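Visitor: The structure follows.
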Amino acid sequence: MTGSLLGFILGLLVTLFTGYFTVSIISREMELRFRLLFAIPLGFGINSILYFLFLCLHINSFDCFKWFELILTVVLALIYYNEEKPDLSKHKFKKLSNWFYLLNLYAVLIYFKYFINNPMGSWDGFRIWNIKAEFLFLNNPLWQNVFSLPHFMSHNDYPMLVPSTVARLWSYTGTENYALNATVGLFFTFGLVYLLYQAITYFKSEKAAIAVTSIFMILDIFLVNGAAQCADIPLAYMYLCAVVCLFLYFRKEKFSYIVLSILFAALSAWTKNEGMLFFTVYLLCIAGYFLGIKNFKKLALAALTAVVPLILLILYKNMAHVANDLIAGFVALKTYNFALDFSRYVIILKTFAKMLLLRFPLLIVLVLLCIKGFKIKDINRIPFKISAIIFVLMTAGYFCVYLFSPHDITWLVQNSMDRLILQLLPLFMFLFAVNLRIGKPDSLN
C-alpha cells in the first residue's frame, strides 16, 4: 500500500515538474500563474507520448522507463536553473473572493459525487479510454491489439493521450488504481477552470473573470464530463492553452508563446480526433497571419515547430492503420450527398438549441452580462480576430462532421453534441469575456 502511494505521488510529481520546467525553458519571463496552469496539460502530454514510445520500442522494464523520466526531469531542471536565477519576486497570487472559493468547493464535491457513481468511467470512459489503458498497462506482446478492438464504437483510430496517461500512472503504482483516474480528471477539470479565470483576469478584469468562470465552473454537464474519464475536457484545456498563448504572444511580442501555442495545438491532436482538425485550423490561421504581414522568418519558424509533431502524428496514424468512420463513409458510402439533405440540417440545429436550453441553462445568465455591450481593446484586436476565425472554422468543422457522418444522425447528435459544445465552450467564454463592458475599467494588464 505504501509503495503504491509513493508511486502515485512520484508519477504525478514527475508529470508536473516535467511540464513546469519545459514551459519555463521555452518562456522564462512567463508569469508563474500561467506556468503552473500550462504545466498541467503539457506535462501530461509529454509523459504520455514518452510512455507510448516506450511501449513501441518494446522496453519491457518499467523501472528503466521510470529512471529515464526522472533523469529527464532533472536535466530539464538543470537547463532551467543553469541560466541566471529566475526572479520570482513578481510572481504573487492574489487571494480570490470567498464566494469563488465556496463555488470551487461545491464544484469539487459534485465532481467526486459523479466519479464515485462511475469509478471506472462513463460509457465512453470505460468502453473507449480505460479499455485501451488496460492494454497499454499490461505491456505484453499483444498490447497492439488495442488497435483492433471488435466494436466499431471503440474508435480504434483515436489518439492515445488519455489511455497512455492512465496506463503510465497505473504502472507507477503497479496496479489499476482508479483513484489515479480521479486525480487526472481533477487536474484537467479544475486546471481548465483556473486557466479560464486567470486568462480573463489578465486580459480583461477580475470582475469579468469571477462572473464568467463561476457560471462555467458549476455547470452540471461540465462536472459530469470532467469526472467521466473521457478526453473532451483535456481537449478543451488544450484548445484554451493554445489560444491564451496566442494572446500572450501579441501582448509580450515573444515568439516563444507561438512555439507553446503550436505545441498545445499538436497535443490536442494527440488527445482526440477533433484535435487534429484544431491543429490543422490553428496552423493555417497562424501561417495566414504571418504570410499576411510578410514575416517569412516567423512563418518558417512556426512551420519548423510543427514539423516534429506532424511527423509523430503521421507515424501514429500509420501504426494504428485503422480507417476513420467519417472518412471511410465519405469515400465508400458517398456521404457527401448528405449536403443536399436539408432534414439533417434541421436535426443538427434543433438538437443544438435543445442542448443549450436543457443541458446548459446557466449560460443564459451570460446574456445579462451583455447589457453594456462589447469593446475590443486595441491590444487584443489581432489575437481576437485570429481566435474568432479559429472558433468559427472549428464550429463549421464540427457541423460538417455531423452532416457527413455515416451513422444515424439523430442518434449521433443526441449522444455527442453536448460533449462537442464543451470542447469549444471555454474558448468561447474566454473570447466573450475579454470584450465585455462590465464593472470598473479594465485592468492595466
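To be explicit about the labels: the chains of the C-alpha cells are called A, B, and onward in the order shown, and within each one the residues are counted from 1, while ligands get numbers from 1 in the order they are shown.
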Write out as a JSON list (two decimals) with N, CA, C and O atoms, in the first residue's frame the residues lying within 10 Å of Pro163 of chain A, counting only C-alpha atoms and excluding same-chain residues fewer than 5 positions away.

Guide:
[["chain", "number", "residue", "atom", "x", "y", "z"],
["A", 48, "SER", "N", 2.83, 11.23, -21.58],
["A", 48, "SER", "CA", 2.02, 10.21, -22.26],
["A", 48, "SER", "C", 2.67, 9.79, -23.58],
["A", 48, "SER", "O", 2.64, 8.62, -23.95],
["A", 52, "PHE", "N", 4.13, 6.04, -24.47],
["A", 52, "PHE", "CA", 3.71, 5.30, -25.66],
["A", 52, "PHE", "C", 4.92, 4.91, -26.51],
["A", 52, "PHE", "O", 4.97, 3.79, -27.05],
["A", 125, "GLY", "N", -15.90, 6.48, -21.25],
["A", 125, "GLY", "CA", -14.71, 6.40, -20.42],
["A", 125, "GLY", "C", -14.26, 4.97, -20.22],
["A", 125, "GLY", "O", -13.06, 4.66, -20.24],
["A", 128, "ILE", "N", -14.03, 3.06, -24.30],
["A", 128, "ILE", "CA", -13.00, 3.53, -25.22],
["A", 128, "ILE", "C", -11.66, 3.75, -24.51],
["A", 128, "ILE", "O", -10.65, 3.15, -24.86],
["A", 129, "TRP", "N", -11.67, 4.59, -23.48],
["A", 129, "TRP", "CA", -10.40, 5.09, -22.94],
["A", 129, "TRP", "C", -9.76, 4.12, -21.94],
["A", 129, "TRP", "O", -8.56, 3.81, -22.04],
["A", 130, "ASN", "N", -10.52, 3.63, -20.95],
["A", 130, "ASN", "CA", -9.91, 2.78, -19.93],
["A", 130, "ASN", "C", -9.62, 1.36, -20.45],
["A", 130, "ASN", "O", -8.68, 0.71, -19.97],
["A", 131, "ILE", "N", -10.41, 0.89, -21.40],
["A", 131, "ILE", "CA", -10.09, -0.40, -22.02],
["A", 131, "ILE", "C", -8.73, -0.32, -22.72],
["A", 131, "ILE", "O", -7.89, -1.23, -22.61],
["A", 132, "LYS", "N", -8.50, 0.77, -23.42],
["A", 132, "LYS", "CA", -7.21, 0.96, -24.10],
["A", 132, "LYS", "C", -6.08, 1.11, -23.08],
["A", 132, "LYS", "O", -4.97, 0.62, -23.30],
["A", 133, "ALA", "N", -6.38, 1.79, -21.98],
["A", 133, "ALA", "CA", -5.36, 1.94, -20.93],
["A", 133, "ALA", "C", -4.95, 0.57, -20.38],
["A", 133, "ALA", "O", -3.76, 0.34, -20.08],
["A", 134, "GLU", "N", -5.89, -0.35, -20.26],
["A", 134, "GLU", "CA", -5.58, -1.69, -19.76],
["A", 134, "GLU", "C", -4.64, -2.42, -20.71],
["A", 134, "GLU", "O", -3.70, -3.09, -20.28],
["A", 135, "PHE", "N", -4.87, -2.30, -22.01],
["A", 135, "PHE", "CA", -3.97, -2.92, -23.00],
["A", 135, "PHE", "C", -2.55, -2.37, -22.85],
["A", 135, "PHE", "O", -1.58, -3.12, -22.86],
["A", 136, "LEU", "N", -2.44, -1.05, -22.72],
["A", 136, "LEU", "CA", -1.11, -0.43, -22.60],
["A", 136, "LEU", "C", -0.44, -0.81, -21.28],
["A", 136, "LEU", "O", 0.76, -1.07, -21.23],
["A", 137, "PHE", "N", -1.22, -0.85, -20.22],
["A", 137, "PHE", "CA", -0.69, -1.14, -18.88],
["A", 137, "PHE", "C", -0.10, -2.55, -18.80],
["A", 137, "PHE", "O", 0.93, -2.77, -18.16],
["A", 168, "ARG", "N", 0.34, 4.82, -17.77],
["A", 168, "ARG", "CA", 1.63, 5.20, -17.18],
["A", 168, "ARG", "C", 1.53, 5.35, -15.67],
["A", 168, "ARG", "O", 2.38, 4.85, -14.92],
["A", 229, "GLN", "N", -13.93, 10.53, -17.20],
["A", 229, "GLN", "CA", -12.70, 9.88, -17.66],
["A", 229, "GLN", "C", -12.65, 9.76, -19.18],
["A", 229, "GLN", "O", -12.16, 8.78, -19.72],
["A", 230, "CYS", "N", -13.18, 10.78, -19.85],
["A", 230, "CYS", "CA", -13.11, 10.85, -21.31],
["A", 230, "CYS", "C", -12.10, 11.92, -21.70],
["A", 230, "CYS", "O", -11.43, 12.50, -20.86],
["A", 231, "ALA", "N", -12.01, 12.21, -22.99],
["A", 231, "ALA", "CA", -10.97, 13.11, -23.49],
["A", 231, "ALA", "C", -11.48, 14.51, -23.80],
["A", 231, "ALA", "O", -10.69, 15.37, -24.19],
["A", 271, "THR", "N", -4.84, 14.11, -28.35],
["A", 271, "THR", "CA", -5.89, 13.88, -27.36],
["A", 271, "THR", "C", -7.13, 13.24, -27.97],
["A", 271, "THR", "O", -7.69, 12.29, -27.41]]

Visitor: Pull the helix (DSSP H, G or I) assignments for segment 11-253 of chain A out of DSSP run on the backbone, and list those residues as an MDAnalysis selection string.

Guide: chainID A and resid 11:26 32:56 62:82 98:117 123:138 143:148 152:154 161:173 178:203 206:217 220:227 232:252

Visitor: So, counting only C-alpha atoms, which residue among A:Val259, A:Tyr202, A:Tyr289, A:Arg344 is closest to Ala302 of chain A?

Guide: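 Smallest separation from Ala302 of chain A among the options: A:Val259.
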
Visitor: If we count only C-alpha atoms and set the cut-off at 10 Å, which residues sit around Leu223 of chain A, ignoring sequence neighbours fewer than 2 positions away in its own chain? Please answer as a ChimeraX atom specification.

Guide: /A:107-115,185-186,189-190,216-221,225-228,233

Visitor: Point out the residue among A:Leu284, A:Leu235, A:Val434, A:Val162 with the least atom-to-atom distance to Phe126 of chain A, counting only C-alpha atoms.

Guide: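 So, comparing all the options, the nearest one is A:Val162.
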
Visitor: Find the residues around segment 69-82 of chain A up to 10 Å (only C-alpha atoms counted), leave out those fewer than 2 positions away in its own chain, and share them as a list in words.

Guide: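 These residues fall inside the cut-off: Leu10, Gly11, Leu13, Val14, Thr15, Leu16, Phe17, Thr18, Gly19, Tyr20, Phe21, Thr22, Val23, Ser24, Ile25, Ile26, Arg28, Asn47, Leu50, Tyr51, Asp63, Cys64, Phe65, Lys66, Trp67, Glu84, Lys85 and Pro86 of chain A.
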
Visitor: If we count only C-alpha atoms, what is near Trp170 of chain A at a cut-off of 9 Å, once residues fewer than 3 positions away on the same chain are taken out, given as a ChimeraX atom specification?

Guide: /A:7-8,133,137,165-167,173-178,180

Visitor: Keeping only N, CA and C atoms, write those residues as a JSON list (two decimals), in the first residue's frame.

Guide:
[["chain", "number", "residue", "atom", "x", "y", "z"],
["A", 7, "GLY", "N", 4.39, 5.55, -5.38],
["A", 7, "GLY", "CA", 4.41, 5.55, -6.84],
["A", 7, "GLY", "C", 3.42, 6.55, -7.41],
["A", 8, "PHE", "N", 2.25, 6.62, -6.78],
["A", 8, "PHE", "CA", 1.21, 7.58, -7.14],
["A", 8, "PHE", "C", 1.75, 9.00, -7.08],
["A", 133, "ALA", "N", -6.38, 1.79, -21.98],
["A", 133, "ALA", "CA", -5.36, 1.94, -20.93],
["A", 133, "ALA", "C", -4.95, 0.57, -20.38],
["A", 137, "PHE", "N", -1.22, -0.85, -20.22],
["A", 137, "PHE", "CA", -0.69, -1.14, -18.88],
["A", 137, "PHE", "C", -0.10, -2.55, -18.80],
["A", 165, "THR", "N", -1.70, 8.18, -20.53],
["A", 165, "THR", "CA", -1.54, 8.85, -19.24],
["A", 165, "THR", "C", -1.96, 7.94, -18.10],
["A", 166, "VAL", "N", -3.13, 7.33, -18.25],
["A", 166, "VAL", "CA", -3.67, 6.46, -17.20],
["A", 166, "VAL", "C", -2.79, 5.22, -17.03],
["A", 167, "ALA", "N", -2.41, 4.58, -18.14],
["A", 167, "ALA", "CA", -1.59, 3.37, -18.07],
["A", 167, "ALA", "C", -0.23, 3.66, -17.43],
["A", 173, "THR", "N", 2.08, 2.82, -9.87],
["A", 173, "THR", "CA", 1.53, 2.22, -8.65],
["A", 173, "THR", "C", 1.56, 0.70, -8.70],
["A", 174, "GLY", "N", 1.71, 0.13, -9.90],
["A", 174, "GLY", "CA", 1.76, -1.32, -10.05],
["A", 174, "GLY", "C", 0.41, -1.99, -10.11],
["A", 175, "THR", "N", -0.65, -1.20, -10.18],
["A", 175, "THR", "CA", -2.00, -1.78, -10.22],
["A", 175, "THR", "C", -2.97, -0.81, -10.88],
["A", 176, "GLU", "N", -4.13, -1.32, -11.30],
["A", 176, "GLU", "CA", -5.17, -0.46, -11.88],
["A", 176, "GLU", "C", -5.84, 0.30, -10.73],
["A", 177, "ASN", "N", -5.37, 1.48, -10.49],
["A", 177, "ASN", "CA", -5.84, 2.29, -9.37],
["A", 177, "ASN", "C", -6.69, 3.43, -9.90],
["A", 178, "TYR", "N", -8.01, 3.34, -9.71],
["A", 178, "TYR", "CA", -8.89, 4.36, -10.28],
["A", 178, "TYR", "C", -8.88, 5.66, -9.51],
["A", 180, "LEU", "N", -6.23, 7.23, -9.29],
["A", 180, "LEU", "CA", -5.38, 8.00, -10.20],
["A", 180, "LEU", "C", -6.21, 8.61, -11.32]]

Visitor: Return the single residue from A:Leu248, A:Ile293, A:Ala182, A:Val243 that is closest to Ile379 of chain A, with distances computed using only C-alpha atoms.

Guide: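 For Ile379 of chain A, the nearest of the given residues is A:Leu248.
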
Visitor: Please list as a ChimeraX atom specification every residue within 10 Å of Phe34 of chain A, counting only C-alpha atoms and excluding residues in the same chain fewer than 4 positions away.

Guide: /A:20,23,30,38-39,194-195,198-199,241,244-245

Visitor: For N, CA and C atoms, I'd like the residues from the last selection saved as a PDB file, in the first residue's frame.

Guide:
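Done, and the output landed in part39.pdb:
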ATOM      1  N   TYR A  20       6.318  21.875 -15.955  1.00  0.00           N
ATOM      2  CA  TYR A  20       6.727  23.190 -15.445  1.00  0.00           C
ATOM      3  C   TYR A  20       8.070  23.618 -16.018  1.00  0.00           C
ATOM      4  N   VAL A  23       7.835  24.406 -19.859  1.00  0.00           N
ATOM      5  CA  VAL A  23       7.248  25.729 -20.079  1.00  0.00           C
ATOM      6  C   VAL A  23       8.245  26.826 -19.717  1.00  0.00           C
ATOM      7  N   MET A  30       7.610  34.186 -18.405  1.00  0.00           N
ATOM      8  CA  MET A  30       6.182  33.964 -18.188  1.00  0.00           C
ATOM      9  C   MET A  30       5.820  34.035 -16.714  1.00  0.00           C
ATOM     10  N   PHE A  38      -0.191  25.990 -17.456  1.00  0.00           N
ATOM     11  CA  PHE A  38       0.256  25.356 -18.702  1.00  0.00           C
ATOM     12  C   PHE A  38       1.013  24.058 -18.420  1.00  0.00           C
ATOM     13  N   ALA A  39       1.644  23.980 -17.263  1.00  0.00           N
ATOM     14  CA  ALA A  39       2.441  22.795 -16.919  1.00  0.00           C
ATOM     15  C   ALA A  39       1.585  21.538 -16.823  1.00  0.00           C
ATOM     16  N   TYR A 194      -9.295  27.244 -13.700  1.00  0.00           N
ATOM     17  CA  TYR A 194      -8.406  28.302 -13.225  1.00  0.00           C
ATOM     18  C   TYR A 194      -7.655  28.975 -14.366  1.00  0.00           C
ATOM     19  N   LEU A 195      -7.395  28.265 -15.444  1.00  0.00           N
ATOM     20  CA  LEU A 195      -6.786  28.932 -16.600  1.00  0.00           C
ATOM     21  C   LEU A 195      -7.770  29.928 -17.200  1.00  0.00           C
ATOM     22  N   GLN A 198      -7.760  32.934 -14.800  1.00  0.00           N
ATOM     23  CA  GLN A 198      -6.546  33.757 -14.860  1.00  0.00           C
ATOM     24  C   GLN A 198      -6.413  34.467 -16.204  1.00  0.00           C
ATOM     25  N   ALA A 199      -6.818  33.812 -17.285  1.00  0.00           N
ATOM     26  CA  ALA A 199      -6.717  34.427 -18.603  1.00  0.00           C
ATOM     27  C   ALA A 199      -7.659  35.630 -18.721  1.00  0.00           C
ATOM     28  N   CYS A 241      -5.431  26.620 -23.908  1.00  0.00           N
ATOM     29  CA  CYS A 241      -3.999  26.914 -23.748  1.00  0.00           C
ATOM     30  C   CYS A 241      -3.421  27.504 -25.029  1.00  0.00           C
ATOM     31  N   VAL A 244      -4.774  31.131 -25.476  1.00  0.00           N
ATOM     32  CA  VAL A 244      -4.209  32.051 -24.477  1.00  0.00           C
ATOM     33  C   VAL A 244      -2.754  32.367 -24.822  1.00  0.00           C
ATOM     34  N   CYS A 245      -2.006  31.357 -25.257  1.00  0.00           N
ATOM     35  CA  CYS A 245      -0.619  31.586 -25.690  1.00  0.00           C
ATOM     36  C   CYS A 245      -0.574  32.548 -26.870  1.00  0.00           C
TER      37      CYS A 245
END

Visitor: Quick one: everything within 8 Å of segment 250-257 of chain A, counting only C-alpha atoms, minus sequence neighbours fewer than 4 positions away in the same chain. Send it as a list in words.

Guide: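 In the requested form, the answer reads Ile26, Ser27, Cys245, Leu246, Ser261, Lys298, Ile379, Asn380, Ile382 and Pro383 of chain A.
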
Visitor: Between A:Ile390, A:Leu356, A:Val193, A:Ile116, which residue has the minimum interatomic distance to Leu283 of chain A, considering only C-alpha atoms?

Guide: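 Answer, going by the shortest atom-to-atom distance: A:Ile390.
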
Visitor: Which residue gives the smallest distance to Asn318 of chain A among A:Asp157, A:Ile9, A:Lys272, A:Leu422, with only C-alpha atoms counted?

Guide: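 For Asn318 of chain A, the nearest of the given residues is A:Asp157.
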
Visitor: Between A:Leu431, A:Met276, A:Leu358, A:Leu315, which one has atoms that come closest to Tyr158 of chain A, using only C-alpha atoms?

Guide: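 Among A:Leu431, A:Met276, A:Leu358, A:Leu315, it is A:Met276 that comes nearest to Tyr158 of chain A.
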